[in-house]
file target32.txt (compact mmCIF, C-alpha atoms)
# COMPACT_ATOMS: atom_id res chain seq x y z
CA MET Z 1 0.00 0.00 0.00
CA MET Z 2 1.27 3.48 -0.84
CA MET Z 3 1.90 5.55 2.27
CA TRP Z 4 0.18 8.90 2.52
CA GLY Z 5 2.14 11.65 0.82
CA CYS Z 6 4.35 9.29 -1.17
CA GLN Z 7 3.62 8.95 -4.83
CA ASP Z 8 5.22 8.86 -8.23
CA GLU Z 9 5.54 12.48 -9.28
CA ILE Z 10 5.13 11.67 -12.96
CA GLY Z 11 2.68 8.78 -12.48
CA THR Z 12 3.35 5.07 -12.14
CA SER Z 13 2.78 4.19 -15.78
CA ALA Z 14 5.18 6.93 -16.88
CA CYS Z 15 7.76 5.69 -14.37
CA LEU Z 16 7.58 2.12 -15.64
CA ALA Z 17 8.11 3.38 -19.19
CA LEU Z 18 11.25 5.38 -18.37
CA PRO Z 19 14.39 3.84 -19.88
CA ALA Z 20 16.55 5.51 -17.22
CA LEU Z 21 14.67 4.13 -14.22
CA TYR Z 22 16.50 0.81 -14.09
CA SER Z 23 20.10 0.01 -14.88
CA PRO Z 24 20.80 -1.26 -18.43
CA GLN Z 25 22.70 -4.12 -16.77
CA GLY Z 26 19.40 -5.51 -15.52
CA ASP Z 27 19.70 -4.40 -11.89
CA ILE Z 28 16.17 -4.21 -10.48
CA SER Z 29 17.01 -1.30 -8.16
CA CYS Z 30 16.08 2.16 -9.39
CA GLN Z 31 18.68 4.61 -10.61
CA TRP Z 32 19.03 8.11 -9.21
CA PRO Z 33 18.10 10.86 -9.85
CA THR Z 34 15.22 9.35 -11.87
CA ALA Z 35 14.13 7.47 -8.73
CA GLU Z 36 13.25 10.80 -7.12
CA LEU Z 37 10.38 11.09 -9.60
CA CYS Z 38 9.14 7.54 -8.89
CA LEU Z 39 9.37 7.17 -5.12
CA SER Z 40 6.45 4.76 -4.78
CA THR Z 41 7.50 2.53 -7.68
CA CYS Z 42 11.06 2.51 -6.35
CA GLY Z 43 10.05 1.52 -2.80
CA GLN Z 44 11.18 4.75 -1.14
CA CYS Z 45 7.99 5.55 0.77
CA HIS Z 46 9.43 4.46 4.12
CA LEU Z 47 12.09 7.16 3.69
CA VAL Z 48 9.44 9.77 2.92
CA GLU Z 49 7.53 8.81 6.06
CA ALA Z 50 10.72 8.94 8.12
CA ALA Z 51 11.65 12.38 6.76
CA ARG Z 52 8.21 13.72 7.67
CA LYS Z 53 8.86 12.48 11.22
CA CYS Z 54 12.27 14.17 11.28
CA SER Z 55 14.09 10.86 11.28
CA SER Z 56 15.92 8.57 8.91
CA PHE Z 57 17.31 5.06 8.72
CA PRO Z 58 20.87 3.96 9.58
CA SER Z 59 21.24 2.51 6.09
CA GLU Z 60 20.92 6.03 4.70
CA CYS Z 61 24.21 6.95 6.36
CA SER Z 62 26.16 4.09 4.83
CA GLY Z 63 24.95 4.35 1.23
CA ALA Z 64 26.08 1.91 -1.42
CA SER Z 65 29.04 -0.41 -1.18
CA SER Z 66 32.23 1.16 -2.44
CA SER Z 67 34.20 -0.41 -5.26
CA THR Z 68 37.13 -0.34 -2.83
CA ASN Z 69 35.31 -2.92 -0.64
CA MET Z 70 35.97 -0.45 2.13
CA GLY Z 71 32.64 1.36 2.01
CA PRO Z 72 32.13 4.99 2.94
CA PRO Z 73 32.98 6.42 6.35
CA ASN Z 74 30.31 5.83 8.98
CA PHE Z 75 28.50 9.11 9.60
CA CYS Z 76 25.59 7.76 11.66
CA SER Z 77 26.56 9.15 15.03
CA SER Z 78 23.87 11.08 16.87
CA GLY Z 79 23.27 14.63 15.79
CA GLY Z 80 25.49 14.32 12.76
CA GLY Z 81 23.15 13.50 9.96
CA ALA Z 82 20.44 10.89 10.17
CA ALA Z 83 18.45 10.59 13.35
CA ALA Z 84 17.59 6.92 13.46
CA ALA Z 85 13.97 6.14 12.67
CA ASP Z 86 13.98 3.21 15.05
CA ASP Z 87 15.71 5.09 17.88
CA ASP Z 88 13.66 7.61 19.86
CA ASP Z 89 16.83 9.33 21.08
CA GLY Z 90 18.05 9.91 17.55
CA GLY Z 91 21.22 8.02 18.24
CA GLY Z 92 23.14 5.95 15.78
CA ALA Z 93 25.96 3.47 15.74
CA GLY Z 94 28.34 5.72 13.85
CA GLU Z 95 31.63 7.34 14.65
CA ASP Z 96 32.65 10.90 15.47
CA HIS Z 97 35.78 10.78 13.31
CA VAL Z 98 36.73 9.88 9.78
CA ASN Z 99 40.24 8.93 8.74
CA TRP Z 100 40.39 10.84 5.45
CA ALA Z 101 43.98 9.77 4.83
CA GLU Z 102 42.96 6.11 4.95
CA TRP Z 103 39.80 6.69 2.91
CA PHE Z 104 41.47 8.64 0.10
CA THR Z 105 44.29 6.10 -0.03
CA ALA Z 106 41.77 3.27 -0.37
CA ILE Z 107 39.67 4.77 -3.16
CA THR Z 108 42.69 5.88 -5.19
CA SER Z 109 44.50 2.56 -4.72
CA ALA Z 110 41.51 0.76 -6.24
CA SER Z 111 41.89 2.64 -9.54
CA ASN Z 112 45.14 1.04 -10.79
CA GLY Z 113 46.90 4.38 -10.90
CA ARG Z 114 44.21 6.33 -12.74
CA PHE Z 115 43.05 8.19 -9.62
CA ARG Z 116 45.77 9.84 -7.53
CA ILE Z 117 46.05 11.91 -4.40
CA LEU Z 118 47.26 15.45 -5.13
CA ASN Z 119 47.73 16.57 -1.57
CA ARG Z 120 48.70 14.42 1.41
CA GLU Z 121 47.89 17.07 3.97
CA THR Z 122 44.76 19.12 4.40
CA PRO Z 123 42.87 19.67 2.22
CA TRP Z 124 42.57 16.10 1.00
CA VAL Z 125 42.27 16.35 -2.79
CA ALA Z 126 42.43 13.59 -5.42
CA GLU Z 127 42.52 13.82 -9.22
CA TYR Z 128 41.26 11.45 -11.93
CA PRO Z 129 42.60 12.91 -15.24
CA ASN Z 130 40.37 11.00 -17.69
CA PHE Z 131 37.30 10.18 -15.68
CA LEU Z 132 35.06 11.28 -18.58
CA ASN Z 133 35.80 10.53 -22.22
CA ASP Z 134 35.16 13.08 -24.97
CA ALA Z 135 31.73 11.69 -25.86
CA GLU Z 136 30.64 11.80 -22.19
CA VAL Z 137 31.86 15.38 -21.83
CA ASP Z 138 29.96 16.36 -24.97
CA GLU Z 139 26.83 14.71 -23.59
CA LEU Z 140 27.05 16.65 -20.32
CA ILE Z 141 27.56 19.89 -22.22
CA ARG Z 142 24.53 19.10 -24.39
CA ILE Z 143 22.43 18.46 -21.28
CA SER Z 144 23.64 21.65 -19.60
CA VAL Z 145 22.82 23.81 -22.63
CA GLN Z 146 19.43 22.14 -22.84
CA GLU Z 147 18.76 23.19 -19.23
CA VAL Z 148 19.61 26.83 -20.12
CA TYR Z 149 22.31 28.75 -18.29
CA ARG Z 150 21.45 31.85 -16.27
CA ASP Z 151 23.57 34.48 -14.57
CA GLU Z 152 24.17 33.45 -10.98
CA ASP Z 153 22.60 36.10 -8.73
CA GLU Z 154 23.04 34.72 -5.21
CA TYR Z 155 26.21 36.78 -4.76
CA PRO Z 156 27.39 40.07 -6.26
CA ASN Z 157 29.69 39.78 -9.27
CA HIS Z 158 32.81 40.81 -7.36
CA ILE Z 159 32.38 37.62 -5.29
CA ARG Z 160 30.96 35.18 -7.84
CA ASP Z 161 30.64 35.95 -11.52
CA VAL Z 162 29.44 32.86 -13.41
CA SER Z 163 26.55 31.36 -15.36
CA VAL Z 164 24.88 28.28 -13.85
CA THR Z 165 22.13 25.75 -14.37
CA ASN Z 166 21.00 22.77 -12.31
CA CYS Z 167 19.93 19.23 -13.16
CA ASP Z 168 16.62 19.42 -11.31
CA SER Z 169 14.12 19.33 -14.15
CA ILE Z 170 12.27 16.14 -15.09
CA ARG Z 171 14.03 16.22 -18.45
CA CYS Z 172 17.50 16.36 -16.92
CA MET Z 173 16.79 13.90 -14.10
CA THR Z 174 15.68 11.27 -16.60
CA GLU Z 175 18.66 11.64 -18.93
CA PRO Z 176 20.24 8.16 -19.20
CA PHE Z 177 23.82 9.42 -18.89
CA ILE Z 178 23.06 11.49 -15.79
CA ASN Z 179 21.77 8.34 -14.10
CA GLU Z 180 24.75 6.33 -15.34
CA LEU Z 181 27.15 8.96 -14.00
CA TYR Z 182 25.48 9.09 -10.58
CA GLY Z 183 25.81 5.32 -10.37
CA ARG Z 184 29.47 5.40 -11.40
CA VAL Z 185 30.26 8.02 -8.76
CA SER Z 186 28.31 6.09 -6.12
CA ASP Z 187 30.25 2.91 -6.88
CA MET Z 188 33.53 4.78 -6.60
CA VAL Z 189 32.99 6.67 -3.35
CA GLY Z 190 30.54 4.31 -1.65
CA PHE Z 191 27.83 6.88 -0.92
CA GLY Z 192 24.33 6.27 -2.21
CA PRO Z 193 23.38 8.60 -5.08
CA ASN Z 194 20.42 9.89 -3.07
CA SER Z 195 23.01 11.64 -0.88
CA PHE Z 196 24.04 13.79 -3.86
CA GLU Z 197 22.62 17.23 -4.47
CA SER Z 198 21.39 18.03 -7.97
CA MET Z 199 24.32 18.38 -10.34
CA GLU Z 200 25.21 22.01 -10.97
CA PHE Z 201 26.66 23.04 -14.33
CA ILE Z 202 28.81 26.17 -14.45
CA HIS Z 203 30.25 28.30 -17.23
CA TYR Z 204 33.00 30.91 -16.76
CA GLY Z 205 33.97 33.27 -19.57
CA PRO Z 206 36.98 35.62 -19.63
CA GLY Z 207 37.30 37.57 -16.39
CA GLN Z 208 34.72 35.48 -14.55
CA HIS Z 209 35.61 33.93 -11.22
CA TYR Z 210 34.49 32.81 -7.75
CA ARG Z 211 36.37 34.24 -4.77
CA TRP Z 212 37.53 32.19 -1.78
CA HIS Z 213 34.64 30.23 -0.32
CA ALA Z 214 33.76 27.00 1.48
CA ASP Z 215 31.39 24.49 -0.08
CA GLU Z 216 30.08 23.60 3.36
CA TYR Z 217 29.02 26.91 4.86
CA SER Z 218 25.65 26.19 6.49
CA TRP Z 219 26.60 23.38 8.85
CA LYS Z 220 27.05 24.53 12.45
CA TYR Z 221 27.77 22.17 15.31
CA PRO Z 222 26.18 22.26 17.76
CA PRO Z 223 23.56 24.27 15.91
CA LYS Z 224 21.34 26.93 17.41
CA LYS Z 225 19.07 26.88 14.40
CA VAL Z 226 19.30 24.31 11.63
CA ASP Z 227 17.10 23.70 8.63
CA PRO Z 228 15.41 20.27 8.60
CA VAL Z 229 17.40 18.96 5.64
CA THR Z 230 20.67 19.62 7.46
CA VAL Z 231 19.43 17.74 10.51
CA LEU Z 232 18.79 14.62 8.47
CA SER Z 233 21.45 14.83 5.77
CA GLY Z 234 24.43 16.27 7.59
CA PRO Z 235 27.03 18.46 5.89
CA ARG Z 236 28.48 18.40 2.39
CA VAL Z 237 31.32 16.12 3.35
CA LEU Z 238 32.73 15.78 -0.19
CA THR Z 239 32.75 17.77 -3.42
CA MET Z 240 33.27 16.11 -6.81
CA PHE Z 241 34.14 18.53 -9.62
CA PHE Z 242 34.19 17.67 -13.33
CA TYR Z 243 36.06 19.77 -15.91
CA LEU Z 244 34.19 19.81 -19.21
CA SER Z 245 36.66 21.98 -21.14
CA ASP Z 246 40.28 22.95 -21.36
CA VAL Z 247 41.04 26.57 -20.47
CA THR Z 248 43.63 28.43 -22.54
CA GLU Z 249 44.76 30.55 -19.60
CA GLY Z 250 43.59 30.86 -15.98
CA GLY Z 251 40.56 29.15 -14.48
CA GLU Z 252 42.45 27.00 -11.96
CA THR Z 253 40.73 25.63 -8.85
CA ALA Z 254 42.90 26.90 -5.99
CA PHE Z 255 42.80 25.66 -2.40
CA ALA Z 256 43.52 28.10 0.38
CA GLY Z 257 45.63 26.11 2.80
CA PRO Z 258 45.46 26.16 6.59
CA ASP Z 259 44.60 29.82 7.15
CA ALA Z 260 41.54 29.69 4.83
CA THR Z 261 42.37 33.11 3.34
CA GLY Z 262 44.35 32.07 0.28
CA MET Z 263 47.50 33.72 1.61
CA THR Z 264 49.04 30.28 2.13
CA ARG Z 265 47.64 28.80 -1.09
CA ARG Z 266 48.53 25.14 -0.96
CA LEU Z 267 47.34 23.75 -4.28
CA ALA Z 268 45.98 24.85 -7.67
CA VAL Z 269 44.42 22.39 -10.12
CA THR Z 270 44.60 23.14 -13.86
CA PRO Z 271 41.36 22.56 -15.81
CA ARG Z 272 41.58 19.73 -18.33
CA LYS Z 273 38.66 18.35 -20.31
CA GLY Z 274 37.44 15.07 -18.79
CA LYS Z 275 39.30 15.49 -15.50
CA MET Z 276 37.55 14.97 -12.17
CA ILE Z 277 38.76 16.10 -8.76
CA LEU Z 278 37.40 15.11 -5.36
CA TRP Z 279 38.00 16.79 -2.03
CA ALA Z 280 36.87 16.59 1.59
CA ASN Z 281 35.14 19.64 3.03
CA MET Z 282 35.24 18.47 6.64
CA LYS Z 283 37.96 17.61 9.12
CA ASP Z 284 38.52 14.09 10.43
CA ASP Z 285 36.15 15.28 13.14
CA TRP Z 286 33.61 15.37 10.34
CA ARG Z 287 31.14 17.71 12.00
CA VAL Z 288 33.74 20.49 11.72
CA SER Z 289 34.49 22.31 8.45
CA GLU Z 290 38.05 22.05 7.14
CA PRO Z 291 39.47 25.58 6.70
CA ALA Z 292 42.08 24.32 4.23
CA ALA Z 293 39.27 23.23 1.88
CA VAL Z 294 38.30 26.85 1.26
CA HIS Z 295 38.89 27.32 -2.46
CA SER Z 296 38.41 29.70 -5.36
CA ALA Z 297 37.86 29.66 -9.11
CA ILE Z 298 40.77 31.72 -10.42
CA PRO Z 299 39.60 34.19 -13.10
CA VAL Z 300 39.60 32.87 -16.65
CA ARG Z 301 42.03 35.00 -18.62
CA LYS Z 302 41.62 33.40 -22.01
CA GLY Z 303 39.11 30.83 -23.25
CA GLN Z 304 36.15 29.45 -21.31
CA LYS Z 305 35.71 27.08 -18.39
CA ILE Z 306 32.78 24.67 -18.38
CA ALA Z 307 32.38 22.36 -15.40
CA ALA Z 308 29.92 20.44 -13.23
CA THR Z 309 29.69 19.89 -9.50
CA LEU Z 310 28.26 17.14 -7.30
CA TRP Z 311 28.04 17.84 -3.58
CA ILE Z 312 27.86 14.69 -1.47
CA HIS Z 313 26.24 14.65 1.96
CA SER Z 314 26.94 12.38 4.90
CA SER Z 315 23.46 10.87 4.64
CA GLY Z 316 20.52 10.71 2.24
CA PHE Z 317 19.78 14.22 0.97
CA ARG Z 318 17.19 14.13 -1.80
CA ILE Z 319 14.16 12.86 0.14
CA PRO Z 320 14.69 15.04 3.24
CA GLU Z 321 15.12 18.05 0.94
CA LEU Z 322 11.62 17.45 -0.39
CA TYR Z 323 9.78 16.05 2.63
CA ALA Z 324 11.44 16.97 5.95
CA GLY Z 325 9.03 18.97 8.07
CA ARG Z 326 9.83 22.41 9.44
CA GLN Z 327 9.42 21.11 12.97
CA CYS Z 328 12.58 19.00 12.62
CA HIS Z 329 15.34 19.93 15.03
CA ALA Z 330 18.74 18.54 15.86
CA ARG Z 331 18.87 15.67 18.34
CA TYR Z 332 21.79 15.18 20.70
CA ASN Z 333 22.59 12.77 23.48
call {"tool": "encode", "arguments": {"input": "target32.txt", "output": "structure tokens"}}
result
Amino acid sequence: MMMWGCQDEIGTSACLALPALYSPQGDISCQWPTAELCLSTCGQCHLVEAARKCSSFPSECSGASSSTNMGPPNFCSSGGGAAAADDDDGGGAGEDHVNWAEWFTAITSASNGRFRILNRETPWVAEYPNFLNDAEVDELIRISVQEVYRDEDEYPNHIRDVSVTNCDSIRCMTEPFINELYGRVSDMVGFGPNSFESMEFIHYGPGQHYRWHADEYSWKYPPKKVDPVTVLSGPRVLTMFFYLSDVTEGGETAFAGPDATGMTRRLAVTPRKGKMILWANMKDDWRVSEPAAVHSAIPVRKGQKIAATLWIHSSGFRIPELYAGRQCHARYN
């Protein structure tokens, strides 16, 4: 029986007809982000009900199994993401710390040299030079143009000057390659794809930039006031960034270093078409933001920079974003 408030957004018959709903390899589990449109068909109603009750399930913290056979870090400790649906105190069996050195070593070691660590001190950053082939890059660019870029207006131009679009339309969420890519990323890092935010596409032209900033800026621990999604999903623990173009000059992704101001800039990554980089936004004490992960998009001096971003949360994000009630509040022992 379908639980109240949980339904297929586009209708059950439409869901069953979607070629992107199930894996081409015959896996009967639904693919994300298409699954978000077909929550009843995909058996996600228990997560909707939990989100409405300001709780979640421990399995949401662990996500998929990583291709490293190591799995993701365990983020299910109380107050740090999911409040357990079967635990009235909101506790979990997780840990307060993550060993990022061990985790980054494990996922890069599993790639036979294709994925390498760029920085063995904070911030933890890894690079995969040819994660996307030319055809896959072209497909992502096609999808991004289809979604229509707009001038970003959240910040004034002297802070962030860029055009953006998000993969949150039905058309984009049902694109076969988007679903394939989410699955590939999930297999690599071991987090379920429902812990990803909608992919953001970005386009920088000459002179455009993004000043020093942190990807995880809203998470406060212990919080005085927290939005319900943050309570259930925890912080953006990881950022995965895809370069969809070469840049003739400029456009590097620079990391600030320990003082978070850029004065001790520790690392700058050159854009290359098809390259992916991955970094940790949180300290080993994963409730605390990592100052060294503050980064900037250096101004493009010549050419254009096209890229895409996936932010990865410590627990399931997509369903709480849609269904968590405003009465949700953080739970602590």
call {"tool": "residues_around", "arguments": {"input": "target32.txt", "residues": "Pro291 of chain Z", "least_positions_apart": "5", "cutoff": "9 Å", "atoms": "all atoms listed in the file", "output": "compact mmCIF listing (two decimals) with C-alpha atoms, in the coordinates of the input"}}
result
# COMPACT_ATOMS: atom_id res chain seq x y z
CA THR Z 122 44.76 19.12 4.40
CA PRO Z 123 42.87 19.67 2.22
CA ALA Z 214 33.76 27.00 1.48
CA ALA Z 256 43.52 28.10 0.38
CA GLY Z 257 45.63 26.11 2.80
CA PRO Z 258 45.46 26.16 6.59
CA ASP Z 259 44.60 29.82 7.15
CA ALA Z 260 41.54 29.69 4.83
CA THR Z 261 42.37 33.11 3.34
CA ASN Z 281 35.14 19.64 3.03
CA MET Z 282 35.24 18.47 6.64
CA LYS Z 283 37.96 17.61 9.12
call {"tool": "residues_around", "arguments": {"input": "target32.txt", "residues": "segment 196-208 of chain Z", "least_positions_apart": "6", "cutoff": "8 Å", "atoms": "only C-alpha atoms", "output": "compact mmCIF listing (two decimals) with C-alpha atoms, in the frame of the given file"}}
result
# COMPACT_ATOMS: atom_id res chain seq x y z
CA SER Z 144 23.64 21.65 -19.60
CA TYR Z 149 22.31 28.75 -18.29
CA ARG Z 160 30.96 35.18 -7.84
CA ASP Z 161 30.64 35.95 -11.52
CA VAL Z 162 29.44 32.86 -13.41
CA SER Z 163 26.55 31.36 -15.36
CA VAL Z 164 24.88 28.28 -13.85
CA THR Z 165 22.13 25.75 -14.37
CA ASN Z 166 21.00 22.77 -12.31
CA CYS Z 167 19.93 19.23 -13.16
CA ASP Z 168 16.62 19.42 -11.31
CA PRO Z 299 39.60 34.19 -13.10
CA VAL Z 300 39.60 32.87 -16.65
CA ARG Z 301 42.03 35.00 -18.62
CA LYS Z 302 41.62 33.40 -22.01
CA GLY Z 303 39.11 30.83 -23.25
CA GLN Z 304 36.15 29.45 -21.31
CA LYS Z 305 35.71 27.08 -18.39
CA ILE Z 306 32.78 24.67 -18.38
CA ALA Z 307 32.38 22.36 -15.40
CA ALA Z 308 29.92 20.44 -13.23
CA THR Z 309 29.69 19.89 -9.50
CA LEU Z 310 28.26 17.14 -7.30
CA TRP Z 311 28.04 17.84 -3.58
CA ILE Z 312 27.86 14.69 -1.47
CA HIS Z 313 26.24 14.65 1.96
CA GLY Z 316 20.52 10.71 2.24
CA PHE Z 317 19.78 14.22 0.97
CA ARG Z 318 17.19 14.13 -1.80
call {"tool": "closest_residue", "arguments": {"input": "target32.txt", "among": "Z:Val269, Z:Cys172, Z:Cys42, Z:Met188", "to": "Phe131 of chain Z", "atoms": "all atoms listed in the file"}}
result
Z:Met188
call {"tool": "residues_around", "arguments": {"input": "target32.txt", "residues": "Asn130 of chain Z", "least_positions_apart": "4", "cutoff": "9 Å", "atoms": "only C-alpha atoms", "output": "ChimeraX atom specification"}}
result
/Z:114-115,272-276
call {"tool": "closest_atom_pairs", "arguments": {"input": "target32.txt", "of": "segment 96-142 of chain Z", "to": "segment 238-252 of chain Z", "cutoff": "8 Å", "atoms": "all atoms listed in the file", "output": "CSV"}}
result
residue,atom,partner,partner_atom,distance
Z:Val137,CA,Z:Leu244,CA,5.6
Z:Asp138,CA,Z:Leu244,CA,7.9
Z:Leu140,CA,Z:Leu244,CA,7.9
Z:Ile141,CA,Z:Leu244,CA,7.3
call {"tool": "write_last_selection", "arguments": {"input": "target32.txt", "atoms": "C-alpha atoms", "output": "PDB file, in the frame of the given file"}}
result
ATOM      1  CA  VAL Z 137      31.860  15.380 -21.830  1.00  0.00           C
ATOM      2  CA  ASP Z 138      29.960  16.360 -24.970  1.00  0.00           C
ATOM      3  CA  LEU Z 140      27.050  16.650 -20.320  1.00  0.00           C
ATOM      4  CA  ILE Z 141      27.560  19.890 -22.220  1.00  0.00           C
TER       5      ILE Z 141
END
call {"tool": "closest_residue", "arguments": {"input": "target32.txt", "among": "Z:Pro19, Z:Pro271, Z:Pro24, Z:Pro235", "to": "Glu175 of chain Z", "atoms": "only C-alpha atoms"}}
result
Z:Pro19
call {"tool": "residues_around", "arguments": {"input": "target32.txt", "residues": "Val48 of chain Z", "least_positions_apart": "2", "cutoff": "8 Å", "atoms": "only C-alpha atoms", "output": "NGL selection string"}}
result
:Z and (5-6 or 44-46 or 50-52 or 319-320 or 323)
call {"tool": "residues_around", "arguments": {"input": "target32.txt", "residues": "Met173 of chain Z", "least_positions_apart": "3", "cutoff": "9 Å", "atoms": "only C-alpha atoms", "output": "ChimeraX atom specification"}}
result
/Z:20,32-37,167-170,176,178-179,198
call {"tool": "atom_distance", "arguments": {"input": "target32.txt", "atom1": "atom CA of Trp100 of chain Z", "atom2": "atom CA of Val237 of chain Z"}}
result
10.7 Å
call {"tool": "atom_distance", "arguments": {"input": "target32.txt", "atom1": "atom CA of His213 of chain Z", "atom2": "atom CA of Phe255 of chain Z"}}
result
9.6 Å
